[in-house]
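Text of the file work_17.tsv, holding TSV, C-alpha atoms:
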chain	number	residue	atom	x	y	z
W	19	LEU	CA	85.72	36.36	17.16
W	20	ASP	CA	85.70	39.21	14.70
W	21	SER	CA	89.16	40.20	15.97
W	22	PHE	CA	90.60	36.77	15.28
W	23	GLU	CA	88.81	36.64	11.95
W	24	ASN	CA	90.46	39.94	11.01
W	25	GLY	CA	93.92	38.64	11.82
W	26	ALA	CA	94.58	39.48	15.50
W	27	ASP	CA	97.18	37.20	17.13
W	28	LYS	CA	96.42	38.08	20.74
W	29	ILE	CA	93.55	39.68	22.62
W	30	GLU	CA	93.44	40.76	26.28
W	31	TYR	CA	90.22	40.34	28.25
W	32	LEU	CA	89.27	41.56	31.69
W	33	PHE	CA	87.30	38.86	33.50
W	34	ARG	CA	85.81	38.51	36.94
W	35	SER	CA	86.49	35.40	38.95
W	36	ARG	CA	83.87	33.45	40.88
W	37	SER	CA	84.92	35.34	44.01
W	38	GLY	CA	84.32	38.65	42.23
W	39	ASP	CA	88.00	39.64	41.79
W	40	PRO	CA	88.96	41.01	38.34
W	41	PHE	CA	91.77	39.36	36.42
W	42	TRP	CA	93.34	39.71	32.99
W	43	ILE	CA	93.53	36.97	30.34
W	44	GLU	CA	95.66	36.98	27.23
W	45	ALA	CA	93.98	34.80	24.58
W	46	THR	CA	95.52	33.55	21.37
W	47	GLY	CA	93.15	32.09	18.76
W	48	VAL	CA	93.80	29.89	15.74
W	49	PRO	CA	90.87	29.48	13.28
W	50	VAL	CA	90.20	25.95	11.99
W	51	ARG	CA	88.61	25.75	8.55
W	52	ARG	CA	87.33	22.95	6.34
W	53	LYS	CA	87.18	23.68	2.67
W	54	GLY	CA	87.62	27.33	3.46
W	55	VAL	CA	84.72	27.39	5.88
W	56	LEU	CA	85.46	28.44	9.48
W	57	GLN	CA	84.57	25.60	11.81
W	58	TYR	CA	85.96	26.66	15.22
W	59	TYR	CA	88.89	28.25	17.05
W	60	LEU	CA	91.65	26.66	19.04
W	61	SER	CA	92.33	29.14	21.84
W	62	ASN	CA	94.94	29.37	24.60
W	63	TRP	CA	94.32	31.52	27.65
W	64	VAL	CA	97.04	32.83	29.98
W	65	ASP	CA	96.44	34.72	33.21
W	66	ILE	CA	98.49	37.93	32.77
W	67	THR	CA	97.17	39.80	35.82
W	68	GLU	CA	100.56	39.92	37.59
W	69	ARG	CA	102.34	40.89	34.38
W	70	ASN	CA	99.98	43.81	33.83
W	71	LYS	CA	100.41	44.91	37.42
W	72	ALA	CA	104.19	44.88	36.93
W	73	GLN	CA	103.88	46.89	33.72
W	74	GLU	CA	101.66	49.44	35.43
W	75	GLU	CA	104.14	49.73	38.30
W	76	LEU	CA	107.00	50.16	35.84
W	77	ALA	CA	105.06	52.89	34.03
W	78	ARG	CA	104.42	54.68	37.32
W	79	SER	CA	108.11	54.39	38.24
W	80	GLU	CA	109.17	55.74	34.86
W	81	GLU	CA	106.76	58.64	35.24
W	82	SER	CA	108.10	59.36	38.73
W	83	LEU	CA	111.67	59.30	37.43
W	84	ARG	CA	110.70	61.61	34.58
W	85	LEU	CA	109.14	64.10	36.99
W	86	ILE	CA	112.17	63.94	39.28
W	87	TYR	CA	114.48	64.32	36.30
W	88	GLU	CA	112.62	67.39	35.04
W	89	SER	CA	112.02	69.11	38.39
W	90	SER	CA	115.28	68.34	40.20
W	91	SER	CA	117.82	71.11	40.63
W	92	ASP	CA	120.57	68.54	40.07
W	93	GLY	CA	122.07	67.93	36.66
W	94	PHE	CA	122.12	64.26	35.62
W	95	TRP	CA	124.78	62.69	33.42
W	96	ASP	CA	125.16	59.23	31.88
W	97	TRP	CA	128.61	58.32	30.58
W	98	ASP	CA	129.60	55.53	28.19
W	99	VAL	CA	133.12	55.01	29.52
W	100	GLU	CA	134.25	53.08	26.44
W	101	THR	CA	133.27	55.62	23.81
W	102	GLY	CA	133.23	58.83	25.85
W	103	ALA	CA	129.68	59.59	24.75
W	104	THR	CA	127.83	61.29	27.60
W	105	VAL	CA	124.18	62.23	27.97
W	106	PHE	CA	123.87	65.47	29.92
W	107	GLY	CA	120.41	66.31	31.24
W	108	PRO	CA	118.86	69.70	30.40
W	109	GLN	CA	119.28	70.90	34.00
W	110	TRP	CA	123.00	70.08	33.77
W	111	ALA	CA	123.27	72.48	30.86
W	112	ARG	CA	121.14	75.22	32.43
W	113	MET	CA	123.10	74.98	35.68
W	114	LEU	CA	126.10	76.30	33.75
W	115	GLY	CA	124.14	78.83	31.73
W	116	TYR	CA	123.82	76.77	28.53
W	117	GLU	CA	120.78	75.74	26.58
W	118	PRO	CA	120.55	71.94	26.14
W	119	PHE	CA	121.21	72.18	22.38
W	120	GLU	CA	124.52	73.98	23.03
W	121	ILE	CA	126.03	71.01	24.87
W	122	ASP	CA	128.50	68.67	23.20
W	123	HIS	CA	127.48	65.25	24.54
W	124	ASP	CA	130.97	63.95	25.13
W	125	VAL	CA	132.99	63.60	28.33
W	126	SER	CA	135.62	65.95	26.88
W	127	PHE	CA	133.11	68.81	27.08
W	128	TRP	CA	132.89	68.32	30.85
W	129	GLU	CA	136.65	67.95	31.26
W	130	LYS	CA	137.50	71.26	29.61
W	131	LEU	CA	135.14	73.16	31.97
W	132	ILE	CA	136.94	72.03	35.16
W	133	HIS	CA	139.06	74.69	36.84
W	134	PRO	CA	142.75	74.09	35.96
W	135	ASP	CA	143.78	74.21	39.62
W	136	GLU	CA	141.42	71.34	40.47
W	137	ARG	CA	141.52	69.14	37.37
W	138	GLU	CA	144.26	66.85	38.71
W	139	LYS	CA	142.37	66.27	41.98
W	140	VAL	CA	139.12	65.51	40.14
W	141	MET	CA	140.74	63.08	37.71
W	142	ALA	CA	142.51	61.27	40.54
W	143	ALA	CA	139.21	60.72	42.40
W	144	LEU	CA	137.51	59.56	39.19
W	145	LYS	CA	140.35	57.18	38.30
W	146	SER	CA	140.27	55.67	41.79
W	147	HIS	CA	136.58	54.82	41.42
W	148	LEU	CA	136.88	53.54	37.85
W	149	GLU	CA	139.59	51.15	39.04
W	150	GLY	CA	137.28	49.87	41.78
W	151	CYS	CA	139.17	51.36	44.69
W	152	THR	CA	136.14	53.27	46.02
W	153	GLU	CA	132.44	52.43	46.31
W	154	SER	CA	131.44	55.66	44.61
W	155	TYR	CA	132.92	58.79	43.13
W	156	GLU	CA	132.56	62.22	44.75
W	157	SER	CA	134.41	65.47	44.22
W	158	THR	CA	133.76	69.18	44.79
W	159	TYR	CA	135.37	71.61	42.38
W	160	ARG	CA	134.82	74.69	40.23
W	161	MET	CA	133.42	74.61	36.70
W	162	ARG	CA	133.40	77.44	34.19
W	163	ALA	CA	129.91	78.65	33.31
W	164	ARG	CA	128.94	79.98	29.91
W	165	ASP	CA	129.42	83.60	31.06
W	166	GLY	CA	132.98	82.87	32.21
W	167	SER	CA	132.22	82.78	35.93
W	168	TRP	CA	133.14	79.82	38.14
W	169	LYS	CA	130.54	77.69	39.88
W	170	TRP	CA	131.23	75.29	42.73
W	171	ILE	CA	129.91	71.84	41.77
W	172	LEU	CA	129.39	68.73	43.90
W	173	ASP	CA	129.95	65.83	41.50
W	174	ARG	CA	128.72	62.35	42.48
W	175	GLY	CA	128.60	59.18	40.45
W	176	LYS	CA	128.95	55.42	40.32
W	177	VAL	CA	129.90	52.76	37.80
W	178	VAL	CA	126.71	50.79	37.12
W	179	SER	CA	128.06	48.22	34.66
W	180	ARG	CA	131.41	46.67	33.79
W	181	LEU	CA	132.77	44.56	30.95
W	182	PRO	CA	133.56	40.86	31.53
W	183	ASP	CA	137.22	41.78	32.14
W	184	GLY	CA	136.22	44.24	34.88
W	185	ARG	CA	136.75	47.44	32.93
W	186	PRO	CA	134.06	50.08	33.53
W	187	LYS	CA	131.40	50.27	30.83
W	188	ARG	CA	128.81	52.75	32.09
W	189	MET	CA	128.76	55.37	34.83
W	190	VAL	CA	125.94	57.65	35.92
W	191	GLY	CA	125.77	60.53	38.37
W	192	THR	CA	124.66	64.05	39.23
W	193	HIS	CA	126.06	67.55	39.49
W	194	THR	CA	124.77	69.82	42.26
W	195	ASP	CA	125.37	73.57	42.21
W	196	MET	CA	127.08	74.33	45.53
W	197	SER	CA	127.93	77.97	44.77
W	198	GLY	CA	125.40	79.38	47.24
W	199	GLN	CA	126.44	77.01	50.00
W	200	LYS	CA	130.12	77.65	49.30
W	201	ALA	CA	129.56	81.40	49.48
W	202	LEU	CA	127.77	80.94	52.82
W	203	GLU	CA	130.63	78.79	54.13
W	204	ASP	CA	133.16	81.42	53.06
W	205	LYS	CA	131.08	84.11	54.75
W	206	LEU	CA	130.91	82.12	57.99
W	207	VAL	CA	134.67	81.54	57.90
W	208	TYR	CA	135.18	85.26	57.34
W	209	MET	CA	132.84	86.19	60.19
W	210	ALA	CA	134.63	83.80	62.52
W	211	SER	CA	138.00	85.43	61.86
W	212	HIS	CA	137.11	89.09	61.28
W	213	ASP	CA	135.71	91.95	63.29
W	214	GLN	CA	132.32	92.86	61.79
W	215	LEU	CA	132.65	96.62	62.35
W	216	THR	CA	136.13	97.32	61.02
W	217	GLY	CA	136.80	94.29	58.80
W	218	LEU	CA	140.09	93.69	60.61
W	219	TYR	CA	141.09	90.30	61.95
W	220	ASN	CA	139.68	89.58	65.39
W	221	ARG	CA	141.29	88.26	68.53
W	222	HIS	CA	140.18	84.68	67.82
W	223	TYR	CA	142.08	84.74	64.54
W	224	PHE	CA	145.14	86.22	66.21
W	225	ASN	CA	145.29	83.40	68.76
W	226	GLU	CA	145.50	80.83	65.94
W	227	TYR	CA	147.66	82.87	63.59
W	228	ILE	CA	150.39	83.88	66.06
W	229	GLU	CA	151.39	80.28	66.79
W	230	LYS	CA	152.18	79.70	63.12
W	231	GLU	CA	153.99	83.02	62.88
W	232	LEU	CA	156.20	82.23	65.87
W	233	ARG	CA	157.17	78.90	64.29
W	234	ARG	CA	158.13	80.77	61.11
W	235	SER	CA	160.15	83.17	63.25
W	236	ASP	CA	162.11	80.25	64.70
W	237	ARG	CA	162.64	78.69	61.26
W	238	TYR	CA	163.91	81.81	59.48
W	239	GLY	CA	165.51	83.63	62.40
W	240	HIS	CA	163.46	86.85	62.25
W	241	PRO	CA	162.02	88.61	65.31
W	242	VAL	CA	158.31	89.32	65.60
W	243	ALA	CA	157.36	92.82	66.76
W	244	PHE	CA	154.09	93.98	68.36
W	245	LEU	CA	152.49	97.42	68.47
W	246	MET	CA	149.51	97.96	70.76
W	247	ALA	CA	147.50	101.06	69.74
W	248	ASP	CA	144.61	102.70	71.59
W	249	ILE	CA	142.42	105.71	70.71
W	250	ASP	CA	142.89	108.47	73.28
W	251	GLY	CA	139.70	109.54	75.06
W	252	PHE	CA	137.51	107.11	73.13
W	253	LYS	CA	135.05	106.61	76.01
W	254	SER	CA	134.50	110.36	76.13
W	255	ILE	CA	133.87	110.41	72.36
W	256	ASN	CA	131.22	107.71	72.71
W	257	ASP	CA	129.58	109.39	75.69
W	258	THR	CA	129.53	112.84	74.07
W	259	PHE	CA	128.84	112.13	70.41
W	260	GLY	CA	127.20	108.70	70.53
W	261	HIS	CA	128.27	105.20	69.60
W	262	HIS	CA	127.49	105.71	65.91
W	263	VAL	CA	130.17	108.41	65.78
W	264	GLY	CA	132.51	106.15	67.74
W	265	ASP	CA	131.98	103.44	65.12
W	266	VAL	CA	132.97	105.87	62.36
W	267	ILE	CA	136.18	106.74	64.24
W	268	LEU	CA	137.00	103.05	64.76
W	269	ARG	CA	136.58	102.29	61.06
W	270	ASP	CA	138.72	105.28	60.05
W	271	VAL	CA	141.50	104.28	62.44
W	272	ALA	CA	141.34	100.69	61.20
W	273	ARG	CA	141.80	101.85	57.59
W	274	LEU	CA	144.70	104.08	58.60
W	275	LEU	CA	146.51	101.28	60.44
W	276	SER	CA	145.96	98.78	57.63
W	277	GLY	CA	147.36	101.24	55.10
W	278	SER	CA	150.41	102.03	57.23
W	279	VAL	CA	151.92	98.54	57.35
W	280	ARG	CA	153.13	96.00	54.80
W	281	ASP	CA	150.87	93.37	53.23
W	282	ILE	CA	152.64	90.65	55.21
W	283	ASP	CA	151.92	92.39	58.52
W	284	THR	CA	148.64	91.88	60.38
W	285	VAL	CA	146.34	94.38	62.08
W	286	VAL	CA	143.93	93.02	64.69
W	287	ARG	CA	141.06	94.66	66.50
W	288	TYR	CA	142.15	93.40	69.89
W	289	GLY	CA	139.16	94.68	71.84
W	290	GLY	CA	137.11	97.86	72.20
W	291	ASP	CA	139.30	100.66	70.83
W	292	GLU	CA	142.51	98.65	71.09
W	293	PHE	CA	144.38	97.51	68.01
W	294	LEU	CA	147.29	95.10	67.80
W	295	ILE	CA	149.77	95.22	64.93
W	296	VAL	CA	152.00	92.20	64.28
W	297	LEU	CA	155.16	93.00	62.32
W	298	VAL	CA	156.73	89.87	60.85
W	299	GLU	CA	160.03	89.15	59.09
W	300	THR	CA	161.51	92.28	60.63
W	301	ASP	CA	164.62	93.05	62.60
W	302	GLY	CA	162.42	94.48	65.31
W	303	GLU	CA	162.36	98.11	64.14
W	304	LYS	CA	158.98	98.66	65.71
W	305	ASP	CA	159.79	102.24	66.73
W	306	PHE	CA	160.14	103.30	63.09
W	307	VAL	CA	156.71	101.86	62.24
W	308	ARG	CA	155.22	103.46	65.35
W	309	GLU	CA	156.48	106.90	64.37
W	310	ARG	CA	155.23	106.45	60.81
W	311	ILE	CA	151.74	105.61	62.09
W	312	LEU	CA	151.64	108.57	64.47
W	313	ALA	CA	152.76	110.89	61.67
W	314	GLU	CA	149.98	109.55	59.44
W	315	VAL	CA	147.42	110.03	62.23
W	316	GLU	CA	148.47	113.67	62.59
W	317	ARG	CA	148.46	114.22	58.83
W	318	ARG	CA	144.95	112.84	58.27
W	319	GLY	CA	143.31	114.53	61.24
W	320	ILE	CA	140.80	111.73	61.76
W	321	GLY	CA	137.59	112.95	63.39
W	322	GLN	CA	138.21	116.66	62.80
W	323	ASP	CA	135.09	117.09	60.68
W	324	ILE	CA	132.63	115.45	63.07
W	325	LEU	CA	134.29	115.98	66.46
W	326	GLY	CA	135.80	119.41	65.98
W	327	PHE	CA	139.21	118.02	66.95
W	328	PRO	CA	141.44	115.22	65.58
W	329	VAL	CA	141.77	111.94	67.42
W	330	THR	CA	145.16	110.77	68.62
W	331	LEU	CA	146.60	107.34	69.34
W	332	SER	CA	148.83	106.01	72.07
W	333	ILE	CA	151.09	103.20	70.89
W	334	GLY	CA	153.33	100.85	72.84
W	335	GLY	CA	155.65	98.22	71.42
W	336	SER	CA	157.63	95.09	72.13
W	337	PHE	CA	159.18	92.21	70.22
W	338	LEU	CA	160.21	88.58	70.51
W	339	ASN	CA	163.47	87.15	69.24
W	340	PRO	CA	163.47	83.77	67.50
W	341	GLY	CA	163.02	80.99	70.05
W	342	GLU	CA	161.20	83.22	72.56
W	343	GLY	CA	157.67	82.10	71.68
W	344	SER	CA	157.01	81.08	75.27
W	345	ARG	CA	157.25	84.77	76.22
W	346	LEU	CA	154.32	85.80	74.01
W	347	GLU	CA	152.04	86.88	76.86
W	348	GLU	CA	154.89	88.79	78.44
W	349	ALA	CA	155.61	90.62	75.15
W	350	LEU	CA	151.95	91.57	74.68
W	351	ALA	CA	151.75	92.79	78.27
W	352	GLU	CA	154.87	94.91	77.70
W	353	ALA	CA	153.36	96.55	74.59
W	354	ASP	CA	150.17	97.19	76.54
W	355	ARG	CA	152.11	98.66	79.48
W	356	GLN	CA	154.03	101.04	77.23
W	357	MET	CA	150.82	102.14	75.55
W	358	TYR	CA	149.17	103.03	78.87
W	359	GLN	CA	152.34	104.71	80.06
W	360	GLU	CA	152.13	107.01	77.03
W	361	LYS	CA	148.48	107.71	77.83
W	362	THR	CA	149.44	108.68	81.39
W	363	VAL	CA	152.11	111.07	80.17
W	364	LYS	CA	149.60	112.75	77.86
W	365	LYS	CA	147.11	113.19	80.67
W	366	GLU	CA	149.77	114.67	82.97
W	367	ARG	CA	150.71	117.18	80.27
W	368	LYS	CA	147.11	118.35	80.12
Rewritten as structure tokens:
Amino acid sequence: LDSFENGADKIEYLFRSRSGDPFWIEATGVPVRRKGVLQYYLSNWVDITERNKAQEELARSEESLRLIYESSSDGFWDWDVETGATVFGPQWARMLGYEPFEIDHDVSFWEKLIHPDEREKVMAALKSHLEGCTESYESTYRMRARDGSWKWILDRGKVVSRLPDGRPKRMVGTHTDMSGQKALEDKLVYMASHDQLTGLYNRHYFNEYIEKELRRSDRYGHPVAFLMADIDGFKSINDTFGHHVGDVILRDVARLLSGSVRDIDTVVRYGGDEFLIVLVETDGEKDFVRERILAEVERRGIGQDILGFPVTLSIGGSFLNPGEGSRLEEALAEADRQMYQEKTVKKERK
């Protein structure tokens, strides 16, 4: 009564029903006076139990969203499509190395950070969603961080409201830093195509690569040449000096071969101590390349310091003319045969 007397419009009471269950009442009271003297109150009571429950649930939901917003590694954004004004969450800024106060809250700030090579792709995906062609927007691309580096970002969003004419009004979404995952993917791709000891391409890569190269040979009319190289006496080196020394020799030979051919040529660790060199866009002058490699082997004296003698290579060669792709296995076998023939001659000379 004192509350109403002091001017309160509404008061909430917690009551207990006959069954013992608590419930909330919202009471409004109007004082009735006669000659300035309070006589009684006219009061209206409304059961607001369900409303209070809904408000409590909303408060809990808002608190949950706040905690998610603050603890999530994703960066949230909220874009007013009409004006361009965009709210970027603090994690969005920190993801790119900025402090929240350094961010310009406009969509143009985001646009200028997209890698130039990927901007057209990103804008096309965004436009498609804004026009209602897709259920949601998603794109993976690079963004420039504050320190000038590039981060891979997974960008997801959705239009949540449109104008009466169907034009998009508001869009919300998240940015996820995918740099670590992208680096892992790149590493796995590298491991699948490269020999882990020497860093050269492996045989798996060669099997996929050569098909494309033979098609290019047919298109441009250039032969493809093959050189099969093998380290002489490598088993004896391993048995005498140990596999760790053998690994050093393999790496040194790999570097020598890679440095003795053109950038467009490919050196493959074909297996064990065998290396395959693919010479492309050539007129088949494999013998010239072979002699250049052997001269470089002799000049460098690989293994002299740790073995007491330099290693030598035996190299055989072959080539395919344009249109002879079906003879690939035959050409590789011929290079291998010539290589072992050279090994035999060396042994006979000893």
Between atom CA of Phe259 of chain W and atom CA of Leu294 of chain W - distance in Å to one decimal: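 Between these atoms lies a distance of 25.2 Å.
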Distance of atom CA of Asp204 of chain W from atom CA of Thr152 of chain W, expressed in Å to one decimal place: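 Answer for the atom CA of Thr152 of chain W to atom CA of Asp204 of chain W separation: 29.2 Å.
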Nearest-residue call for His193 of chain W, choices W:Asp236, W:Asp122, W:Glu74, W:Asp92, using only C-alpha atoms: W:Asp92
Selected residue of minimal separation from Arg174 of chain W among W:Leu338, W:Ala247, W:Met161, W:Val190, counting only C-alpha atoms: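 Ranking W:Leu338, W:Ala247, W:Met161, W:Val190 by distance to Arg174 of chain W, first place goes to W:Val190.
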Best match for closeness to Asp305 of chain W among W:Arg355, W:Phe337, W:Gln109, W:Trp170, counting all atoms listed in the file: W:Phe337
W:Arg52, W:Arg367, W:Arg308, W:Arg287 ranked by distance to Tyr223 of chain W, top pick (using all atoms listed in the file):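 Of W:Arg52, W:Arg367, W:Arg308, W:Arg287, the one nearest Tyr223 of chain W is W:Arg287, counting all atoms listed in the file.
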Sel. within 12 Å of pt (139.3, 102.3, 61.2), counting only C-alpha atoms, output as a VMD selection string: chain W and resid 213 to 218 247 to 249 263 to 278 285 to 287 291 to 293 315 320 to 321 329
Could the residues in this selection be written to a file with C-alpha atoms, as a PDB file, in the frame of the given file?
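So the final result, stored in part_33.pdb, reads:
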ATOM      1  CA  ASP W 213     135.710  91.950  63.290  1.00  0.00           C
ATOM      2  CA  GLN W 214     132.320  92.860  61.790  1.00  0.00           C
ATOM      3  CA  LEU W 215     132.650  96.620  62.350  1.00  0.00           C
ATOM      4  CA  THR W 216     136.130  97.320  61.020  1.00  0.00           C
ATOM      5  CA  GLY W 217     136.800  94.290  58.800  1.00  0.00           C
ATOM      6  CA  LEU W 218     140.090  93.690  60.610  1.00  0.00           C
ATOM      7  CA  ALA W 247     147.500 101.060  69.740  1.00  0.00           C
ATOM      8  CA  ASP W 248     144.610 102.700  71.590  1.00  0.00           C
ATOM      9  CA  ILE W 249     142.420 105.710  70.710  1.00  0.00           C
ATOM     10  CA  VAL W 263     130.170 108.410  65.780  1.00  0.00           C
ATOM     11  CA  GLY W 264     132.510 106.150  67.740  1.00  0.00           C
ATOM     12  CA  ASP W 265     131.980 103.440  65.120  1.00  0.00           C
ATOM     13  CA  VAL W 266     132.970 105.870  62.360  1.00  0.00           C
ATOM     14  CA  ILE W 267     136.180 106.740  64.240  1.00  0.00           C
ATOM     15  CA  LEU W 268     137.000 103.050  64.760  1.00  0.00           C
ATOM     16  CA  ARG W 269     136.580 102.290  61.060  1.00  0.00           C
ATOM     17  CA  ASP W 270     138.720 105.280  60.050  1.00  0.00           C
ATOM     18  CA  VAL W 271     141.500 104.280  62.440  1.00  0.00           C
ATOM     19  CA  ALA W 272     141.340 100.690  61.200  1.00  0.00           C
ATOM     20  CA  ARG W 273     141.800 101.850  57.590  1.00  0.00           C
ATOM     21  CA  LEU W 274     144.700 104.080  58.600  1.00  0.00           C
ATOM     22  CA  LEU W 275     146.510 101.280  60.440  1.00  0.00           C
ATOM     23  CA  SER W 276     145.960  98.780  57.630  1.00  0.00           C
ATOM     24  CA  GLY W 277     147.360 101.240  55.100  1.00  0.00           C
ATOM     25  CA  SER W 278     150.410 102.030  57.230  1.00  0.00           C
ATOM     26  CA  VAL W 285     146.340  94.380  62.080  1.00  0.00           C
ATOM     27  CA  VAL W 286     143.930  93.020  64.690  1.00  0.00           C
ATOM     28  CA  ARG W 287     141.060  94.660  66.500  1.00  0.00           C
ATOM     29  CA  ASP W 291     139.300 100.660  70.830  1.00  0.00           C
ATOM     30  CA  GLU W 292     142.510  98.650  71.090  1.00  0.00           C
ATOM     31  CA  PHE W 293     144.380  97.510  68.010  1.00  0.00           C
ATOM     32  CA  VAL W 315     147.420 110.030  62.230  1.00  0.00           C
ATOM     33  CA  ILE W 320     140.800 111.730  61.760  1.00  0.00           C
ATOM     34  CA  GLY W 321     137.590 112.950  63.390  1.00  0.00           C
ATOM     35  CA  VAL W 329     141.770 111.940  67.420  1.00  0.00           C
TER      36      VAL W 329
END
Two-atom distance - atom CA of Pro182 of chain W, atom CA of Ala142 of chain W (Å):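 Here the two named atoms are 24.0 Å from each other.
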Option closest in space to Val242 of chain W, from W:Gly166, W:Pro328, W:Pro49, W:Pro340 [counting all atoms listed in the file]: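 Answer, going by the shortest atom-to-atom distance: W:Pro340.
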Proximity to Leu148 of chain W - best of W:Glu203, W:Asp195, W:Glu120, W:Glu100, all atoms listed in the file: W:Glu100
Contacts of Asn339 of chain W at 12 Å (all atoms listed in the file; same-chain gap of 2+ positions) as a list in words: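 So, after excluding close chain neighbours, the residues are Leu232, Arg233, Arg234, Ser235, Asp236, Arg237, Tyr238, Gly239, His240, Pro241, Val242, Ala243, Phe244, Val298, Glu299, Thr300, Asp301, Gly302, Ser336, Phe337, Gly341, Glu342, Gly343, Ser344, Arg345, Leu346 and Ala349 of chain W.
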Surrounding residues of Ile66 of chain W excluding itself and chain neighbours under 4 positions, 10 Å, only C-alpha atoms, as a ChimeraX atom specification: /W:30-32,41-45,70-72
Long-range neighbours of Ile121 of chain W as an MDAnalysis selection string, 9 Å cut-off, all atoms listed in the file, 5 positions minimum in chain: chainID W and resid 106 111 116 127
